[in-house]
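Note: the block below is data_10.cif and it holds mmCIF, C-alpha atoms.
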data_data
#
loop_
_atom_site.label_atom_id
_atom_site.label_comp_id
_atom_site.auth_asym_id
_atom_site.auth_seq_id
_atom_site.Cartn_x
_atom_site.Cartn_y
_atom_site.Cartn_z
CA MET A 1 -0.55 32.13 40.19
CA ILE A 2 -0.71 29.26 37.73
CA PHE A 3 -1.70 26.82 40.46
CA ARG A 4 -4.42 29.18 41.55
CA GLU A 5 -5.85 29.31 38.05
CA VAL A 6 -5.79 25.55 37.66
CA GLU A 7 -7.58 25.09 40.95
CA ASP A 8 -10.21 27.63 39.97
CA ARG A 9 -10.77 25.70 36.75
CA ASP A 10 -11.34 22.50 38.72
CA LEU A 11 -13.76 24.22 41.05
CA ILE A 12 -15.67 25.74 38.14
CA ALA A 13 -15.90 22.35 36.45
CA LYS A 14 -17.24 20.76 39.65
CA ALA A 15 -19.66 23.62 40.24
CA ARG A 16 -20.97 23.19 36.72
CA ARG A 17 -21.90 19.64 37.60
CA GLY A 18 -23.93 21.01 40.48
CA GLY A 19 -21.25 20.89 43.16
CA VAL A 20 -22.36 23.56 45.61
CA ASP A 21 -19.38 22.93 47.88
CA ALA A 22 -16.99 23.60 45.02
CA PHE A 23 -18.80 26.80 44.23
CA ASN A 24 -18.71 27.87 47.88
CA LEU A 25 -14.95 27.41 47.83
CA LEU A 26 -14.81 29.55 44.69
CA VAL A 27 -16.93 32.19 46.43
CA SER A 28 -14.64 32.23 49.46
CA ARG A 29 -11.70 33.01 47.16
CA TRP A 30 -13.31 35.89 45.33
CA GLU A 31 -15.90 37.39 47.66
CA LYS A 32 -13.59 39.88 49.35
CA ARG A 33 -12.36 41.32 46.07
CA ILE A 34 -15.87 41.51 44.64
CA TYR A 35 -17.22 43.03 47.85
CA ASN A 36 -14.57 45.77 47.94
CA TYR A 37 -15.09 46.51 44.25
CA LEU A 38 -18.82 46.83 44.79
CA LEU A 39 -18.30 48.85 47.98
CA LYS A 40 -16.40 51.48 46.03
CA LEU A 41 -19.12 51.56 43.35
CA ALA A 42 -22.18 51.47 45.59
CA GLY A 43 -20.80 53.55 48.44
CA ASN A 44 -22.28 51.59 51.36
CA ARG A 45 -21.79 48.16 52.91
CA GLU A 46 -25.37 47.00 52.85
CA ASP A 47 -25.80 47.51 49.11
CA ALA A 48 -22.32 46.11 48.47
CA LEU A 49 -23.13 42.93 50.37
CA ASP A 50 -26.49 42.49 48.64
CA LEU A 51 -24.87 43.08 45.26
CA CYS A 52 -22.12 40.64 46.14
CA GLN A 53 -24.64 37.89 46.92
CA ASP A 54 -26.59 38.66 43.74
CA THR A 55 -23.37 38.56 41.75
CA PHE A 56 -22.40 35.09 42.97
CA LEU A 57 -25.94 33.76 42.58
CA LYS A 58 -26.01 34.97 38.99
CA ALA A 59 -22.55 33.55 38.41
CA TYR A 60 -23.69 30.13 39.69
CA GLN A 61 -26.75 30.17 37.44
CA ASN A 62 -24.71 31.16 34.36
CA LEU A 63 -21.56 29.19 35.02
CA GLY A 64 -22.30 26.97 32.03
CA LYS A 65 -22.11 29.98 29.70
CA LEU A 66 -18.52 30.74 30.65
CA ASP A 67 -16.62 29.68 27.51
CA ASP A 68 -13.04 30.26 28.65
CA LEU A 69 -12.43 29.09 32.21
CA GLY A 70 -9.24 31.13 32.30
CA ARG A 71 -11.31 34.31 31.94
CA PHE A 72 -13.31 33.68 35.11
CA ALA A 73 -12.16 36.88 36.88
CA PRO A 74 -13.18 39.38 34.15
CA TRP A 75 -16.40 37.42 33.64
CA LEU A 76 -17.24 37.59 37.36
CA PHE A 77 -16.41 41.28 37.61
CA ARG A 78 -18.53 41.93 34.53
CA ILE A 79 -21.51 40.39 36.35
CA ALA A 80 -20.72 42.50 39.42
CA HIS A 81 -20.45 45.61 37.25
CA ASN A 82 -23.86 44.93 35.68
CA GLN A 83 -25.43 44.25 39.08
CA ALA A 84 -24.00 47.49 40.49
CA TYR A 85 -25.18 49.60 37.58
CA SER A 86 -28.65 48.03 37.75
CA LEU A 87 -28.81 49.26 41.33
CA LEU A 88 -27.25 52.65 40.63
CA ARG A 89 -29.76 53.35 37.87
CA LYS A 90 -32.65 52.94 40.31
CA PRO A 91 -33.80 56.12 42.03
CA LYS A 92 -32.60 56.21 45.64
CA PRO A 93 -34.88 57.17 48.52
CA GLU A 94 -33.97 60.37 50.33
CA SER A 95 -32.09 59.30 53.44
CA GLY A 96 -29.97 62.31 54.21
CA GLU A 97 -27.17 60.06 55.40
CA ALA A 98 -23.63 60.53 54.17
CA PRO A 99 -21.94 57.75 52.20
CA GLU A 100 -20.11 55.17 54.26
CA PHE A 101 -16.75 55.47 52.57
CA GLU A 102 -15.25 56.85 55.75
CA THR A 103 -16.01 53.57 57.49
CA ALA A 104 -12.98 52.16 55.74
CA ALA A 105 -11.00 54.00 58.35
CA GLN A 106 -12.21 51.53 60.97
CA GLY A 107 -10.02 48.76 59.69
CA GLY A 108 -6.90 49.57 61.76
CA ARG A 109 -4.36 50.34 59.02
CA PRO A 110 -0.74 51.41 59.22
CA PHE A 111 -1.45 54.64 57.31
CA PRO A 112 -2.84 57.71 59.00
CA ILE A 113 -6.55 58.34 58.88
CA GLU A 114 -5.95 61.61 57.04
CA MET A 115 -4.50 59.73 54.07
CA THR A 116 -7.51 57.44 53.85
CA LEU A 117 -9.91 60.36 54.07
CA ALA A 118 -7.98 62.30 51.44
CA VAL A 119 -8.01 59.34 49.04
CA THR A 120 -11.70 58.70 49.65
CA ALA A 121 -12.52 62.34 49.02
CA ALA A 122 -10.39 62.39 45.85
CA LEU A 123 -12.05 59.26 44.53
CA ASP A 124 -15.44 60.73 45.35
CA ARG A 125 -14.74 63.69 43.08
CA LEU A 126 -14.26 61.46 40.05
CA THR A 127 -17.10 60.47 37.76
CA ALA A 128 -18.50 56.96 38.27
CA ASP A 129 -16.78 55.70 35.10
CA GLN A 130 -13.42 57.19 36.09
CA ARG A 131 -13.69 55.82 39.64
CA GLU A 132 -14.52 52.34 38.39
CA ALA A 133 -11.53 52.41 36.03
CA VAL A 134 -9.27 53.34 38.95
CA VAL A 135 -10.76 50.62 41.15
CA LEU A 136 -10.32 47.92 38.50
CA LYS A 137 -6.74 48.95 37.72
CA ILE A 138 -5.29 50.07 41.05
CA TYR A 139 -7.23 47.90 43.49
CA GLN A 140 -8.02 44.82 41.40
CA GLY A 141 -4.94 44.77 39.20
CA PHE A 142 -6.65 44.09 35.86
CA LYS A 143 -4.91 44.69 32.56
CA PHE A 144 -6.42 47.11 30.06
CA GLU A 145 -7.91 44.31 27.95
CA GLU A 146 -9.55 42.72 30.98
CA MET A 147 -10.91 46.09 32.07
CA ALA A 148 -12.41 46.57 28.62
CA GLU A 149 -14.07 43.16 28.98
CA VAL A 150 -15.49 44.02 32.40
CA LEU A 151 -16.70 47.47 31.37
CA GLY A 152 -17.89 46.43 27.91
CA CYS A 153 -16.05 49.23 26.10
CA PRO A 154 -12.93 49.60 23.92
CA VAL A 155 -9.43 49.64 25.43
CA SER A 156 -8.97 53.21 24.19
CA THR A 157 -11.97 54.31 26.26
CA VAL A 158 -10.60 52.50 29.30
CA LYS A 159 -7.23 54.23 28.93
CA SER A 160 -8.83 57.61 28.42
CA ARG A 161 -10.96 57.27 31.57
CA LEU A 162 -8.07 55.97 33.65
CA TYR A 163 -5.52 58.54 32.50
CA THR A 164 -7.93 61.42 33.09
CA ALA A 165 -8.71 60.05 36.55
CA LEU A 166 -5.01 59.71 37.34
CA ASP A 167 -4.40 63.34 36.37
CA LEU A 168 -7.21 64.47 38.66
CA LEU A 169 -6.07 62.27 41.53
CA LYS A 170 -2.47 63.35 41.06
CA ASN A 171 -3.41 67.00 41.37
CA THR A 172 -5.21 66.23 44.63
CA LEU A 173 -2.96 63.64 46.22
CA ALA A 174 0.43 64.73 44.87
CA PRO A 175 0.22 68.43 44.12
CA ILE A 176 3.18 70.29 42.63
CA LYS A 177 5.34 71.68 45.38
CA THR A 178 5.62 75.45 45.09
CA GLY A 179 8.33 77.53 46.68
CA MET B 1 5.37 69.28 31.95
CA SER B 2 6.37 65.81 30.68
CA CYS B 3 7.36 64.82 27.15
CA SER B 4 4.25 63.74 25.31
CA GLU B 5 5.85 60.98 23.24
CA PHE B 6 6.45 58.87 26.36
CA ASP B 7 3.53 57.09 28.02
CA LEU B 8 4.48 57.74 31.65
CA LYS B 9 1.12 56.57 33.02
CA GLY B 10 1.39 53.34 31.04
CA TYR B 11 4.87 52.91 32.46
CA ILE B 12 3.84 53.48 36.08
CA LEU B 13 0.83 51.13 35.57
CA LYS B 14 3.12 48.44 34.08
CA GLU B 15 1.21 48.31 30.79
CA LEU B 16 4.17 48.96 28.49
CA SER B 17 6.22 46.37 26.68
CA GLN B 18 9.76 45.77 27.93
CA ALA B 19 11.27 47.80 25.10
CA GLU B 20 8.94 50.73 25.72
CA ALA B 21 9.57 50.58 29.45
CA CYS B 22 13.36 50.64 28.94
CA ALA B 23 13.07 53.58 26.54
CA THR B 24 10.91 55.48 29.03
CA GLU B 25 13.32 54.79 31.89
CA ALA B 26 16.29 55.93 29.80
CA HIS B 27 14.46 59.11 28.84
CA ALA B 28 13.30 59.88 32.39
CA ALA B 29 16.85 59.49 33.67
CA GLY B 30 17.85 62.53 31.63
CA CYS B 31 14.58 64.51 31.69
CA GLY B 32 13.74 66.38 34.88
CA ALA B 33 10.11 67.07 33.91
CA CYS B 34 9.36 63.43 33.18
CA ARG B 35 11.16 62.28 36.34
CA GLU B 36 9.04 64.67 38.40
CA GLU B 37 5.88 63.48 36.64
CA LEU B 38 6.80 59.88 37.41
CA ASP B 39 7.43 60.78 41.06
CA ARG B 40 4.00 62.38 41.34
CA LEU B 41 2.28 59.46 39.69
CA SER B 42 4.10 57.04 41.96
CA LEU B 43 3.07 59.06 44.99
CA THR B 44 -0.54 59.06 43.79
CA LEU B 45 -0.58 55.29 43.41
CA THR B 46 0.99 54.85 46.83
CA ALA B 47 -1.70 57.04 48.35
CA LEU B 48 -4.46 55.15 46.55
CA ARG B 49 -3.09 51.80 47.67
CA ALA B 50 -2.90 53.05 51.23
CA VAL B 51 -6.63 52.41 51.50
CA PRO B 52 -6.81 48.73 52.43
CA GLU B 53 -9.50 46.29 51.43
CA GLU B 54 -12.31 45.91 53.90
CA GLU B 55 -13.28 42.62 55.45
CA MET B 56 -16.76 41.43 54.63
CA PRO B 57 -19.41 41.94 57.31
CA ARG B 58 -20.44 38.32 56.78
CA ARG B 59 -19.38 35.55 54.50
CA ILE B 60 -21.44 34.33 51.56
CA ALA B 61 -22.30 30.64 51.32
CA PHE B 62 -24.78 28.76 49.21
CA VAL B 63 -26.77 25.84 50.56
CA SER B 64 -27.39 22.80 48.41
CA ASP B 65 -31.06 22.73 47.54
CA LYS B 66 -32.30 19.99 45.23
CA VAL B 67 -35.02 22.28 43.89
CA PHE B 68 -32.52 24.79 42.52
CA GLU B 69 -29.77 22.44 41.56
CA PRO B 70 -29.49 21.91 37.83
CA LYS B 71 -30.58 18.54 36.53
CA TRP B 72 -27.88 16.22 35.27
CA TRP B 73 -28.84 16.89 31.67
CA GLN B 74 -28.90 20.66 32.29
CA ALA B 75 -25.43 20.47 33.75
CA TRP B 76 -24.38 18.39 30.75
CA LEU B 77 -25.96 20.70 28.19
CA ASN B 78 -24.60 23.80 29.91
CA SER B 79 -21.12 22.43 29.67
CA GLY B 80 -20.24 23.78 26.24
CA PRO B 81 -16.52 22.97 26.28
CA ARG B 82 -17.23 19.39 27.36
CA MET B 83 -19.75 18.90 24.57
CA ALA B 84 -17.25 20.32 22.10
CA PHE B 85 -14.54 18.02 23.44
CA VAL B 86 -16.74 14.93 23.23
CA SER B 87 -17.86 15.89 19.73
CA SER B 88 -14.28 16.31 18.56
CA VAL B 89 -13.27 12.99 20.12
CA MET B 90 -16.14 11.22 18.35
CA LEU B 91 -15.26 12.88 15.06
CA ALA B 92 -11.61 11.93 15.44
CA ALA B 93 -12.59 8.32 16.25
CA ALA B 94 -14.86 8.17 13.20
CA ILE B 95 -12.10 9.49 10.94
CA LEU B 96 -9.63 7.00 12.42
CA ALA B 97 -12.02 4.06 12.02
CA HIS B 98 -12.76 5.08 8.47
CA GLY B 99 -9.07 5.21 7.71
CA VAL B 100 -8.42 1.79 9.26
CA ILE B 101 -11.40 -0.12 7.88
CA ARG B 102 -11.49 1.24 4.34
CA PRO B 103 -8.63 0.01 2.11
CA VAL B 104 -6.51 2.66 0.59
CA GLU B 105 -7.29 3.17 -3.03
CA VAL B 106 -4.19 3.82 -5.05
CA ALA B 107 -4.96 6.47 -7.56
CA GLY B 108 -3.38 5.78 -10.95
CA PRO B 109 -3.92 6.47 -14.62
CA ALA B 110 -7.04 4.97 -16.10
CA PRO B 111 -6.30 1.74 -18.12
CA ALA B 112 -6.39 2.09 -21.91
CA LEU B 113 -9.41 0.55 -23.59
CA ASP B 114 -8.60 -2.66 -25.54
CA THR B 115 -11.16 -2.60 -28.35
CA ALA B 116 -10.13 -6.02 -29.68
CA VAL B 117 -10.82 -7.64 -26.33
CA ILE B 118 -14.12 -5.84 -26.01
CA GLU B 119 -15.12 -6.85 -29.54
CA ALA B 120 -14.20 -10.49 -28.93
CA ARG B 121 -16.15 -10.41 -25.70
CA VAL B 122 -19.16 -8.89 -27.41
CA ASN B 123 -18.99 -11.46 -30.22
CA ARG B 124 -18.72 -14.27 -27.72
CA GLU B 125 -21.69 -12.97 -25.80
CA VAL B 126 -23.67 -12.51 -29.01
CA ALA B 127 -22.81 -15.99 -30.23
CA LEU B 128 -23.61 -17.42 -26.86
CA ARG B 129 -27.03 -15.87 -26.73
CA LEU B 130 -27.94 -15.48 -30.43
CA ASP B 131 -27.29 -19.01 -31.78
CA PRO B 132 -29.70 -20.82 -29.44
CA ALA B 133 -32.31 -18.17 -30.06
CA VAL B 134 -31.94 -18.55 -33.83
CA LYS B 135 -32.05 -22.33 -33.59
CA GLN B 136 -35.15 -22.21 -31.47
CA ALA B 137 -36.81 -19.77 -33.87
CA VAL B 138 -35.88 -21.92 -36.87
CA THR B 139 -37.17 -25.07 -35.19
CA GLU B 140 -40.43 -23.41 -34.33
CA SER B 141 -40.74 -22.02 -37.84
CA GLU B 142 -40.03 -25.42 -39.40
CA ALA B 143 -42.60 -27.05 -37.19
CA ARG B 144 -45.16 -24.46 -38.18
CA GLN B 145 -44.27 -24.98 -41.89
CA ALA B 146 -44.53 -28.77 -41.56
CA GLU B 147 -47.94 -28.46 -40.01
CA LYS B 148 -49.06 -26.20 -42.81
CA ILE B 149 -47.65 -28.51 -45.49
CA GLN B 150 -49.23 -31.50 -43.87
CA ALA B 151 -52.57 -29.75 -43.76
CA VAL B 152 -52.24 -28.68 -47.41
CA VAL B 153 -51.21 -32.21 -48.50
CA ALA B 154 -54.11 -33.71 -46.59
CA ALA B 155 -56.51 -31.29 -48.20
CA ALA B 156 -55.06 -32.01 -51.65
CA GLU B 157 -55.27 -35.75 -51.16
CA LYS B 158 -58.84 -35.38 -50.02
CA ARG B 159 -59.63 -33.26 -53.03
CA PHE B 160 -57.84 -35.70 -55.37
CA GLU B 161 -59.69 -38.65 -53.86
CA PHE B 162 -62.97 -36.84 -54.31
CA GLU B 163 -62.09 -36.01 -57.93
CA ARG B 164 -60.93 -39.59 -58.56
CA GLN B 165 -64.20 -40.92 -57.20
CA ALA B 166 -66.08 -38.48 -59.40
CA ASP B 167 -63.98 -39.49 -62.43
CA ARG B 168 -64.55 -43.19 -61.76
CA VAL B 169 -68.25 -42.61 -61.49
CA GLN B 170 -68.16 -40.66 -64.70
CA VAL B 171 -66.04 -43.34 -66.42
CA GLU B 172 -68.37 -46.08 -65.23
CA GLU B 173 -71.35 -44.12 -66.50
CA ALA B 174 -69.61 -43.55 -69.80
CA PHE B 175 -68.65 -47.23 -69.98
CA ASN B 176 -72.22 -48.22 -69.20
CA VAL B 177 -73.42 -45.89 -71.96
CA VAL B 178 -70.93 -47.39 -74.38
CA ARG B 179 -71.83 -50.94 -73.36
CA LYS B 180 -75.48 -50.21 -73.71
CA GLN B 181 -74.79 -48.70 -77.13
CA MET B 182 -72.74 -51.66 -78.18
CA THR B 183 -75.42 -53.96 -76.90
CA ARG B 184 -77.93 -52.13 -78.93
CA TRP B 185 -75.65 -52.27 -81.96
CA TYR B 186 -75.12 -55.94 -81.36
CA MET B 187 -78.82 -56.57 -81.10
CA ALA B 188 -79.45 -54.51 -84.16
CA SER B 189 -76.86 -56.44 -86.15
CA ALA B 190 -78.20 -59.70 -84.94
CA GLU B 191 -81.68 -58.77 -86.03
CA VAL B 192 -80.31 -57.72 -89.38
CA GLY B 193 -78.31 -60.96 -89.79
CA GLY B 194 -81.28 -63.16 -88.76
CA ALA B 195 -83.52 -61.54 -91.24
CA ARG B 196 -81.24 -62.40 -94.10
#

Whole structure, structure tokens version:
Amino acid sequence: MIFREVEDRDLIAKARRGGVDAFNLLVSRWEKRIYNYLLKLAGNREDALDLCQDTFLKAYQNLGKLDDLGRFAPWLFRIAHNQAYSLLRKPKPESGEAPEFETAAQGGRPFPIEMTLAVTAALDRLTADQREAVVLKIYQGFKFEEMAEVLGCPVSTVKSRLYTALDLLKNTLAPIKTG
Amino acid sequence: MSCSEFDLKGYILKELSQAEACATEAHAAGCGACREELDRLSLTLTALRAVPEEEMPRRIAFVSDKVFEPKWWQAWLNSGPRMAFVSSVMLAAAILAHGVIRPVEVAGPAPALDTAVIEARVNREVALRLDPAVKQAVTESEARQAEKIQAVVAAAEKRFEFERQADRVQVEEAFNVVRKQMTRWYMASAEVGGAR
């Protein structure tokens, strides 16, 4: 983990000097995480991929403004968060198509398809803020302080959203056994 | 229903300190409600993590384009930490050079004023500068006085000479008058003596 951070610092420093290859290497390390984060926010692959490209382009243009190189991950996710909410605020055309969350089932996983569908449905019932808190904590492994940095809100708000979401998810995914 | 004083969600999310986590574990070991709550939370997280990350439909890569690449000075200016580092190095070098080049001034009590020395020095300076000035002034004054005296003496001599000439002329005229008178007396006496 330490080596990874040091290498990221080197890549960021090279990219700041205009090294596109260094930045491409940085992109290859983070694109999957950013894409999956955006996929859960946007709800479809096409938007997630566009947002992902926009996120990295914006990151490249603003790399010089990153004060603490060790905070690259929250900084990058903050950009992705802003990009996603810029898109989500725009009115969507009426397409009549269902969200593509179920396409996650195409990945060939060791868990049954029913589990994936149940989780997707449970996540879909959360508010956007609650879902994002769950995604950042459960899927991206951020600490509360980092989540607050990404979301631009106090830690107490982050905890409140996450704990409420966990209660709702728990009632759906791990209901109390009766009888 | 779990015990509210224990943050079970924080525990299951690994956000508690070690002491808090140990206290929660110890409590849950003896509390059925909290143990059940922890089991449900753990099951929920397992279910959530069962959804794997998706592979990207296509990879993202940027192509080097000179038009969009930042200029060297933009890259330099955008590098805030580097500028700060260079600035601090320069400042440190300046402080070091200042410390090396400038001799250390030992701060001590101010020396007591020696009035006798100062007075002697002042007197010496005064004597050194005042005596020549006085001598020069005296010399100049004496010269001016000599000139004046000389002029006055010359004028007096001229006046005396003129008066002496006038007196001589007057004496000669008086002598001539007396001689003429005596001549007349002599003639008169001669005439008187001849007649007898």

**Item:** Nearest to Pro52 (chain B), chosen from A:Val20, A:Gln83, A:Asp67, A:Tyr139, with only C-alpha atoms counted in the distances
**Value:** A:Tyr139

**12 Å contact set for Ser42 (chain B), only C-alpha atoms, chain neighbours under 6 positions out, as JSON, numbers by chain** = {"A": [138, 166, 167, 169, 170, 173, 174], "B": [8, 9, 10, 11, 12, 13, 14, 35, 36, 48, 49]}

**Asked** Which one is closest to Leu45 (chain B): A:Asn24, A:Gln61, A:Thr172, A:Thr55? Count only C-alpha atoms.
**Response** A:Thr172

**Message:** Restricting the calculation to all atoms listed in the file: of A:Leu11, A:Ala148, A:Leu76, A:Val119, which residue gets closest to chain B?
**Reply:** A:Val119

**Prompt:** What does the distance from CA of Trp75 (chain A) to CA of Val150 (chain A) come to in Å, to one decimal?
**Reply:** 6.8 Å

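In terms of minimum interatomic distance to Cys153 (chain A), A:Arg78 ranks closest within A:Arg45, A:Arg78, A:Lys40, A:Lys65, counting only C-alpha atoms.
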
**Asked** What gap, in Å, lies between CA of Val153 (chain B) and CA of Glu173 (chain B)?
**Response** 29.5 Å

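With all atoms listed in the file as the atoms that count, the minimum distance from chain A to the choices B:Gln136, B:Gln181, B:Thr44, B:Thr24 is reached by B:Thr44.
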
Result set of the PyMOL selection byres ((chain A and resi 129) around 10) on the coordinates above, as a CSV table (one decimal) with C-alpha atoms, in the frame of the given file:
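Result saved to result_0.csv:
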chain,number,residue,atom,x,y,z
A,41,LEU,CA,-19.1,51.6,43.4
A,126,LEU,CA,-14.3,61.5,40.0
A,127,THR,CA,-17.1,60.5,37.8
A,128,ALA,CA,-18.5,57.0,38.3
A,130,GLN,CA,-13.4,57.2,36.1
A,131,ARG,CA,-13.7,55.8,39.6
A,132,GLU,CA,-14.5,52.3,38.4
A,133,ALA,CA,-11.5,52.4,36.0
A,134,VAL,CA,-9.3,53.3,39.0
A,135,VAL,CA,-10.8,50.6,41.2
A,151,LEU,CA,-16.7,47.5,31.4
A,158,VAL,CA,-10.6,52.5,29.3
A,161,ARG,CA,-11.0,57.3,31.6
A,162,LEU,CA,-8.1,56.0,33.6
A,165,ALA,CA,-8.7,60.0,36.6

**Message:** Can you tell me which residues surround Ser28 (chain A) at a distance of at most 9 Å, considering only C-alpha atoms, apart from same-chain residues fewer than 6 positions away, and format the answer as a ChimeraX atom specification?
**Reply:** /B:59-61

**Request:** Could you check how far CA of Glu119 (chain B) sits from CA of Val134 (chain B), in Å to one decimal?
**Result:** 20.9 Å

Could you model N, CA and C atoms for region 146-157 of chain B and present them as a compact mmCIF listing (two decimals), in the coordinates of the input?
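Output file out.txt follows:
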# COMPACT_ATOMS: atom_id res chain seq x y z
N ALA B 146 -44.19 -27.35 -41.38
CA ALA B 146 -44.53 -28.77 -41.56
C ALA B 146 -46.01 -29.00 -41.34
N GLU B 147 -46.51 -28.32 -40.29
CA GLU B 147 -47.94 -28.46 -40.01
C GLU B 147 -48.76 -27.95 -41.19
N LYS B 148 -48.32 -26.78 -41.68
CA LYS B 148 -49.06 -26.20 -42.81
C LYS B 148 -49.01 -27.12 -44.03
N ILE B 149 -47.81 -27.62 -44.31
CA ILE B 149 -47.65 -28.51 -45.49
C ILE B 149 -48.50 -29.78 -45.34
N GLN B 150 -48.45 -30.28 -44.12
CA GLN B 150 -49.23 -31.50 -43.87
C GLN B 150 -50.73 -31.25 -44.09
N ALA B 151 -51.15 -30.08 -43.59
CA ALA B 151 -52.57 -29.75 -43.76
C ALA B 151 -52.90 -29.58 -45.25
N VAL B 152 -52.00 -28.90 -45.98
CA VAL B 152 -52.24 -28.68 -47.41
C VAL B 152 -52.25 -30.02 -48.18
N VAL B 153 -51.30 -30.90 -47.82
CA VAL B 153 -51.21 -32.21 -48.50
C VAL B 153 -52.48 -33.02 -48.23
N ALA B 154 -52.91 -32.95 -46.95
CA ALA B 154 -54.11 -33.71 -46.59
C ALA B 154 -55.31 -33.21 -47.38
N ALA B 155 -55.38 -31.87 -47.47
CA ALA B 155 -56.51 -31.29 -48.20
C ALA B 155 -56.45 -31.68 -49.68
N ALA B 156 -55.23 -31.67 -50.24
CA ALA B 156 -55.06 -32.01 -51.65
C ALA B 156 -55.41 -33.47 -51.89
N GLU B 157 -54.96 -34.34 -51.02
CA GLU B 157 -55.27 -35.75 -51.16
C GLU B 157 -56.79 -35.98 -51.09
